[in-house]
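Visitor: Take this structure, written in structure tokens, and hold onto it; I'll ask about it next.
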Amino acid sequence: MSAIDPRELLADPAQAGAYFIDARDARALADAATELEFALARVDFSDCAGKDDALERIARALRFPDWFGGNWDALNDSVNDLSWWPAPATCC
């Protein structure tokens, strides 16, 4: 079995989703995301104390706006409509 190039995996829209990754793969995926100029957010769920704590950790890691509602519907809205996310400036 051949190793998968993380850049190819990240660049393929058909592979989009949320995945649990082993700590051994984190550096390779982070490097690939940086090379592709993708946004990268790490959420640490160790010792997570429940739903509210999990939502707060996600909101903090992704730098959600202050108006984030702190519930599952607001999480869905925030990750599926990124109009709140500042886009890089474009030049002429």
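Identifiers for the structure tokens are assigned positionally: chains receive A, B, ... in sequence, residues are indexed from 1 per chain, and ligands are indexed from 1 in the order shown.
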Can you list, as a list in words, every protein, DNA or RNA residue that comes within 8 Å of stretch 31-48 of chain A when you count only C-alpha atoms, leaving out same-chain residues fewer than 6 positions away?

Guide: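 So, after excluding close chain neighbours, the residues are Pro6, Arg7, Leu10, Ala11, Ala54, Arg57, Ile58, Ala61 and Leu62 of chain A.
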
Visitor: Ranking A:Pro13, A:Gly69, A:Gly50, A:Ile4 by minimum distance to A:Ala28 and counting only C-alpha atoms, which one comes first?

Guide: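 Residue with the minimum atom-to-atom distance to A:Ala28: A:Ile4.
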
Visitor: Between atom CA of A:Gly70 and atom CA of A:Leu82, what is the distance, to one decimal in Å?

Guide: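 For atom CA of A:Gly70 relative to atom CA of A:Leu82, the distance reads 16.2 Å.
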
Visitor: So, counting only C-alpha atoms, which residue among A:Val79, A:Arg63, A:Pro86, A:Leu55 is closest to A:Ala18?

Guide: A:Val79

Visitor: Distance atom CA of A:Asn76-atom CA of A:Glu56, one decimal place?

Guide: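 Atom-to-atom, atom CA of A:Asn76 and atom CA of A:Glu56 are spaced 13.8 Å apart.
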
Visitor: I'd like to know which residues of chain A are alpha helix (DSSP H) (by DSSP, run on the backbone); could you write them as an mmCIF file with C-alpha atoms, in the first residue's frame?

Guide:
data_model
loop_
_atom_site.group_PDB
_atom_site.id
_atom_site.type_symbol
_atom_site.label_atom_id
_atom_site.label_comp_id
_atom_site.auth_asym_id
_atom_site.auth_seq_id
_atom_site.Cartn_x
_atom_site.Cartn_y
_atom_site.Cartn_z
ATOM 1 C CA PRO A 6 -1.652 14.868 2.138
ATOM 2 C CA ARG A 7 -1.669 17.711 -0.428
ATOM 3 C CA GLU A 8 -3.588 15.540 -2.881
ATOM 4 C CA LEU A 9 -6.053 14.550 -0.166
ATOM 5 C CA LEU A 10 -6.677 18.140 0.942
ATOM 6 C CA ALA A 11 -6.911 19.525 -2.591
ATOM 7 C CA ALA A 23 -1.239 12.714 16.148
ATOM 8 C CA ARG A 24 1.410 11.145 13.914
ATOM 9 C CA ASP A 25 -0.391 12.555 10.850
ATOM 10 C CA ALA A 26 -1.074 16.040 12.224
ATOM 11 C CA ARG A 27 2.236 17.636 11.179
ATOM 12 C CA ALA A 28 2.055 16.308 7.580
ATOM 13 C CA LEU A 29 -1.534 17.543 7.176
ATOM 14 C CA ALA A 30 -0.719 20.930 8.729
ATOM 15 C CA ASP A 31 2.266 21.334 6.406
ATOM 16 C CA ALA A 32 0.152 20.380 3.390
ATOM 17 C CA ALA A 33 -2.585 22.838 4.388
ATOM 18 C CA THR A 34 -0.008 25.607 4.739
ATOM 19 C CA GLU A 35 1.482 24.796 1.309
ATOM 20 C CA LYS A 51 -21.483 20.221 24.507
ATOM 21 C CA ASP A 52 -21.078 23.820 25.677
ATOM 22 C CA ASP A 53 -17.360 23.312 26.260
ATOM 23 C CA ALA A 54 -16.953 21.640 22.844
ATOM 24 C CA LEU A 55 -18.783 24.460 21.058
ATOM 25 C CA GLU A 56 -16.668 27.065 22.882
ATOM 26 C CA ARG A 57 -13.448 25.283 21.865
ATOM 27 C CA ILE A 58 -14.557 25.120 18.234
ATOM 28 C CA ALA A 59 -15.637 28.776 18.245
ATOM 29 C CA ARG A 60 -12.330 29.866 19.766
ATOM 30 C CA ALA A 61 -10.210 27.767 17.376
ATOM 31 C CA TRP A 72 -25.511 23.284 17.080
ATOM 32 C CA ASP A 73 -27.567 25.369 14.615
ATOM 33 C CA ALA A 74 -25.177 28.308 14.982
ATOM 34 C CA LEU A 75 -22.203 25.975 14.453
ATOM 35 C CA ASN A 76 -23.812 24.630 11.286
ATOM 36 C CA ASP A 77 -24.490 28.159 10.033
ATOM 37 C CA SER A 78 -20.977 29.355 10.852
ATOM 38 C CA VAL A 79 -19.138 26.546 9.052
ATOM 39 C CA ASN A 80 -21.452 26.404 6.038
#
